Amino acid sequence: MRAEHEDALVAAVVKAVRETGGHVGSVFLRSRDNRSIVLAATCGASPALLGGWRLVPVNSPIPVAAAYRSGRTVHLADADETMRRYPQLAMALPYAFGSASVPVRAGRESLGAMAVVWSAPPGHSGLSRVQLRHLRAIANRLGAALADLRARGGAFDYDAATVPIEVPAPTAPAVRVGLFDWRLDTGVVVADDELCAIFGLAPGAFDGRADTLASRLHPGDRVSLRATARAAVADGRVLARRLRIRAADGYRTVELWGRVPEATGEELRNHLVGCVLDAAAGAAAVTAVERLRDGLFSLAPDGRVTYANRSLERLLGAGVRELLGRRLWEVLPWLSDPAYEDRHRAALFSQQPTTFLVCRPPDQWLAFSLHPDANGVTGRVAPSGPPHPPSEVSGPTVESGESSTASSGSGPGHPTPGPPTARAAPARLGAIYRVLQLGSALTEAVTTEEVCNVVGDQLLPAFGGQHLAIYVIDERRLHLLFHTGHHDRFLHWLEGKPLDTPLPGTEALTSGVPLFIESRQDLADARPALSTEGVGAWAYLPLIASNRPVGTCILGFDEIHHFTTKDRGILTALSGLIAQALERARLYDAKSALAHGLQNALLPHRLPVLPGIRTTGRYLPGTSGMDIGGDWYDVIPTEDGVALVVGDVEGHSVAAAGTMGQLRSAVRAFATAGHRPSAVLAGTNRLLVDLGPGLLASCCYIRIEPGSDHAYAVRAGHCPPLLRRPDGSTDVLELAGGPLLGVDRTSTYPETRLDLPRGSVLALYTDGLVEERGSDIDLGIDDLRASLAHARAGSLDELADQLLRKARRSPHRSDDIALLLTGYHPEQIRPR
């Protein structure tokens, strides 16, 4: 079934390129561990050109991963839109191209994603709706085909070792081939349309006679062709002969190849089948190119040289045999600057020509021109004078061209500063991408848990690892902070070890030098007493921030793993980013724990138990940003009833929590002193203004008078409470209200009388429960009202948990939430 699987991938990616008019198409399929999507097939671009995108973590902020995660199309019309929506991708590939990524799905299951790329100068409108619809249909058909193969037992795994299928982009043939079937005894020839065209005959006008074809040959070839053909049939050998065919300007040479069919019977002894090859145009082109004084070469999409003329040998100082099959920047040290490789990549992605100057040591300046299409690049090299002023240029200089490179900081005719002559091995696209992606993700991680999850999500799929552990230093000993993988006891022997213990994890940290162990045998030779726990290779990365050791990050591989020089360099660079992010996150966690402890101390630990009234409260901190805020709730027994309070101090900080504590105390003091609800909020408002913390607060205060079935409510810029009656009908209680607390010292807060039927439930809450970015808060309040009306709960605690279920699941809730539910005569509350 592998052949069916590969045929489905090839058909889909080729059709995607053809239907959209793109020049690159690719299919990514889900990895075995579901952490990545892996490049499975590509059309029009070498996998080497995609660099770090052969294996993409599913949570990567790039379009193809976003399409896989969301199940939606990601359409980026041009480079400007790419920069706005996916700046990481634009930084790593700052070229003039557009792209569309669509999910590959089977029903509701995401199997992968498909992407196409096209040349897009600024202002390009991208794909039409029809083209996007066709692209989605192709992806859906591919998903259905893959699901069908899987159902029939044809499931295939994708991982870091997967070799993607590479399909060249459609192109016009360089050689024309015509087929024939020739009966020598009768002179009848069956020829295809291409052979007729080679002989200069209209296919419909050919009469099927050998003499007609012979009439198109040079007179010297007509007689010898028949004699050679009969000799080939008689001897059973292959016929191979050059023929001269009449052309408008003389004759051109073709090659004829024929053989006797493998069969018995006398009639087959007079039978010849074969083909005619017309490569004259190609041969003439090569001859013409070899006459030029300029150097000309052709590059495959992956940058390897497929042709070079003799003049290129002279200009570059390298032989054709040395260049063929290799990349120019790998053969010639003076072309090894990554910026020159980037010019090739820019031409392919943007499909726009580009030109730049290079200095061949000691002082010979050469002008390179790159002209791309979907199948590769044609290059031209010519002698040139130095740029002006020469002192400003040490790297590539763009002289002309249409391709744009957002990161170059230069335009046509403007020199681009480059690195000094002496330099280390150049960083390639994959290395740049990994550093950019992990660095960006780490800037968004706030807590140590978030940092560790980012590291696990990014490093393991990027390098094909199966295990990751992060140990941190505490009192000069290593302690496990994070672990992921299927070996629960991965490196358990490091736990609690002092830093001076002679172990790989401690030695890498104390020396500051990463340690790479590529096999169990290497570990056994160095540390025979250590347990491998089924792991075949390790990378120990010291985490050092501001010259201070923080801990050790260890990657584990199930099998032997060879770490290339590039892998080692990337991991070493990434370890510094991880260390800085981890140190920052640990400091945040410490401060957050202190603030959270302060907030917990200010909230009520237990609500009072009162006759005829049951209450329950909930507080949820925000899940993004500083998880401390100024929301609070309280239940206050008074001489003539009970007071219910919910409030919200603006901001998320220790100051907000401190102000919340002061307001809670103030409300309690005014309430227990017997003040009416309007006086409670008026007095609290004056106190907040006098304290002058620079913060405002909202509040809803309700005093219930037991036995009267009445309550009195006041509101200071707060969300209206909800009332669910015994029959299940639920209303938003529109209360008269005053301004926020802290705005004006003279503000007043009118009271509203409420009727509380026995068996009703009163809900007070803060705006974090009902407000979502980009949505009207009134819609959120109505959703909460509907949830309260239809909730089936046997107790207030169950009801509170149901109302908070959606909020608890939200990973990016920026605001904290307070909820207070009160049941009046709760014994009458029954599930509906």
# chains A, B, ... in the order shown; residues from 1 in each chain; ligands from 1
$ closest_atom_pairs --of "segment 650-718 of chain A" --to "segment 602-622 of chain A" --cutoff "9 Å" --atoms "only C-alpha atoms" --output "tab-separated table"
residue	atom	partner	partner_atom	distance
A:His652	CA	A:Gly622	CA	9.0
A:Ala657	CA	A:Leu602	CA	8.0
A:Gly658	CA	A:Leu602	CA	8.3
A:Met660	CA	A:Leu602	CA	7.9
A:Gly661	CA	A:Leu602	CA	5.5
A:Arg664	CA	A:Leu602	CA	8.3
A:Pro706	CA	A:Gly612	CA	7.6
A:Gly707	CA	A:Gly612	CA	8.9
$ select_by_dssp --residues "segment 557-677 of chain A" --states "strand (DSSP E)" --output "ChimeraX atom specification"
/A:557,613-620,630-638,641-649
$ residues_around --residues "Tyr68 of chain A" --least-positions-apart "5" --cutoff "8 Å" --atoms "only C-alpha atoms" --output "VMD selection string"
chain A and resid 58 102 to 104 110 to 113
$ residues_around --residues "segment 239-256 of chain A" --least-positions-apart "5" --cutoff "10 Å" --atoms "only C-alpha atoms" --output "PyMOL selection string"
chain A and resi 176-179+198-200+213-222+224-225+228-233+272-281+283
$ residues_around --residues "segment 145-158 of chain A" --least-positions-apart "3" --cutoff "10 Å" --atoms "only C-alpha atoms" --output "short mmCIF file (atom, residue, chain, number, x, y, z; two decimals) with C-alpha atoms, in the first residue's frame"
data_model
loop_
_atom_site.label_atom_id
_atom_site.label_comp_id
_atom_site.auth_asym_id
_atom_site.auth_seq_id
_atom_site.Cartn_x
_atom_site.Cartn_y
_atom_site.Cartn_z
CA MET A 1 0.00 0.00 0.00
CA ARG A 2 2.99 2.32 0.25
CA GLU A 4 -0.85 3.96 -3.17
CA HIS A 5 0.10 6.20 -0.28
CA GLU A 6 2.89 7.89 -2.24
CA ALA A 8 -1.96 9.98 -3.36
CA LEU A 9 0.58 12.46 -1.95
CA PHE A 28 2.79 17.88 6.03
CA LEU A 29 1.42 14.86 7.91
CA ARG A 30 1.00 14.28 11.63
CA SER A 31 3.90 12.60 13.42
CA ARG A 32 3.54 9.40 15.39
CA ASP A 33 3.77 11.22 18.73
CA ASN A 34 1.31 13.99 17.62
CA SER A 36 4.77 17.64 15.02
CA ILE A 37 3.71 17.73 11.43
CA VAL A 38 6.34 16.30 9.10
CA LEU A 39 7.09 17.20 5.49
CA ALA A 40 5.81 14.23 3.48
CA LEU A 55 9.55 18.97 10.92
CA VAL A 104 -5.76 17.78 5.55
CA ARG A 105 -8.68 16.17 7.37
CA ALA A 106 -10.62 12.95 7.46
CA GLY A 107 -13.98 13.90 8.92
CA GLU A 109 -9.72 14.30 12.46
CA LEU A 111 -4.15 14.35 9.58
CA ALA A 139 -6.73 18.52 0.69
CA ASN A 140 -10.05 16.90 1.66
CA ARG A 141 -9.69 14.27 -1.05
CA LEU A 142 -6.16 13.54 0.14
CA ALA A 161 13.91 10.41 9.86
CA THR A 162 11.21 10.67 7.18
CA VAL A 163 12.55 11.33 3.68
CA PRO A 164 9.96 13.48 1.87
#
$ residues_around --residues "Val14 of chain A" --least-positions-apart "6" --cutoff "12 Å" --atoms "only C-alpha atoms" --output "ChimeraX atom specification"
/A:7-8,20-27,41-45,114-116,135,138-139,142,165-170
$ atom_distance --atom1 "atom CA of Val286 of chain A" --atom2 "atom CA of Leu348 of chain A"
23.7 Å
$ atom_distance --atom1 "atom CA of Gln662 of chain A" --atom2 "atom CA of Ala682 of chain A"
15.0 Å
$ atom_distance --atom1 "atom CA of Thr659 of chain A" --atom2 "atom CA of Leu769 of chain A"
21.1 Å
$ decode --residues "segment 656-667 of chain A" --atoms "N, CA, C and O atoms" --output "compact mmCIF listing (two decimals), in the first residue's frame"
# COMPACT_ATOMS: atom_id res chain seq x y z
N ALA A 656 -3.49 46.36 43.62
CA ALA A 656 -4.91 46.08 43.48
C ALA A 656 -5.39 45.18 44.60
O ALA A 656 -6.48 45.38 45.18
N ALA A 657 -4.59 44.15 44.93
CA ALA A 657 -4.98 43.24 46.01
C ALA A 657 -5.02 43.98 47.35
O ALA A 657 -5.91 43.76 48.18
N GLY A 658 -4.04 44.86 47.58
CA GLY A 658 -4.02 45.62 48.84
C GLY A 658 -5.22 46.54 48.96
O GLY A 658 -5.84 46.64 50.03
N THR A 659 -5.57 47.22 47.87
CA THR A 659 -6.73 48.09 47.88
C THR A 659 -8.00 47.28 48.11
O THR A 659 -8.92 47.71 48.83
N MET A 660 -8.06 46.10 47.49
CA MET A 660 -9.21 45.23 47.71
C MET A 660 -9.37 44.90 49.19
O MET A 660 -10.49 44.93 49.75
N GLY A 661 -8.27 44.60 49.86
CA GLY A 661 -8.34 44.29 51.29
C GLY A 661 -8.86 45.46 52.10
O GLY A 661 -9.66 45.27 53.04
N GLN A 662 -8.43 46.67 51.75
CA GLN A 662 -8.91 47.85 52.47
C GLN A 662 -10.40 48.08 52.24
O GLN A 662 -11.16 48.41 53.18
N LEU A 663 -10.86 47.91 51.00
CA LEU A 663 -12.29 48.11 50.71
C LEU A 663 -13.14 47.05 51.39
O LEU A 663 -14.24 47.34 51.89
N ARG A 664 -12.66 45.80 51.38
CA ARG A 664 -13.43 44.75 52.05
C ARG A 664 -13.60 45.07 53.54
O ARG A 664 -14.68 44.91 54.13
N SER A 665 -12.53 45.54 54.16
CA SER A 665 -12.62 45.91 55.58
C SER A 665 -13.57 47.07 55.79
O SER A 665 -14.33 47.10 56.76
N ALA A 666 -13.51 48.06 54.88
CA ALA A 666 -14.39 49.23 55.01
C ALA A 666 -15.86 48.84 54.88
O ALA A 666 -16.72 49.27 55.68
N VAL A 667 -16.18 48.01 53.89
CA VAL A 667 -17.56 47.58 53.71
C VAL A 667 -18.04 46.82 54.94
O VAL A 667 -19.16 47.01 55.43
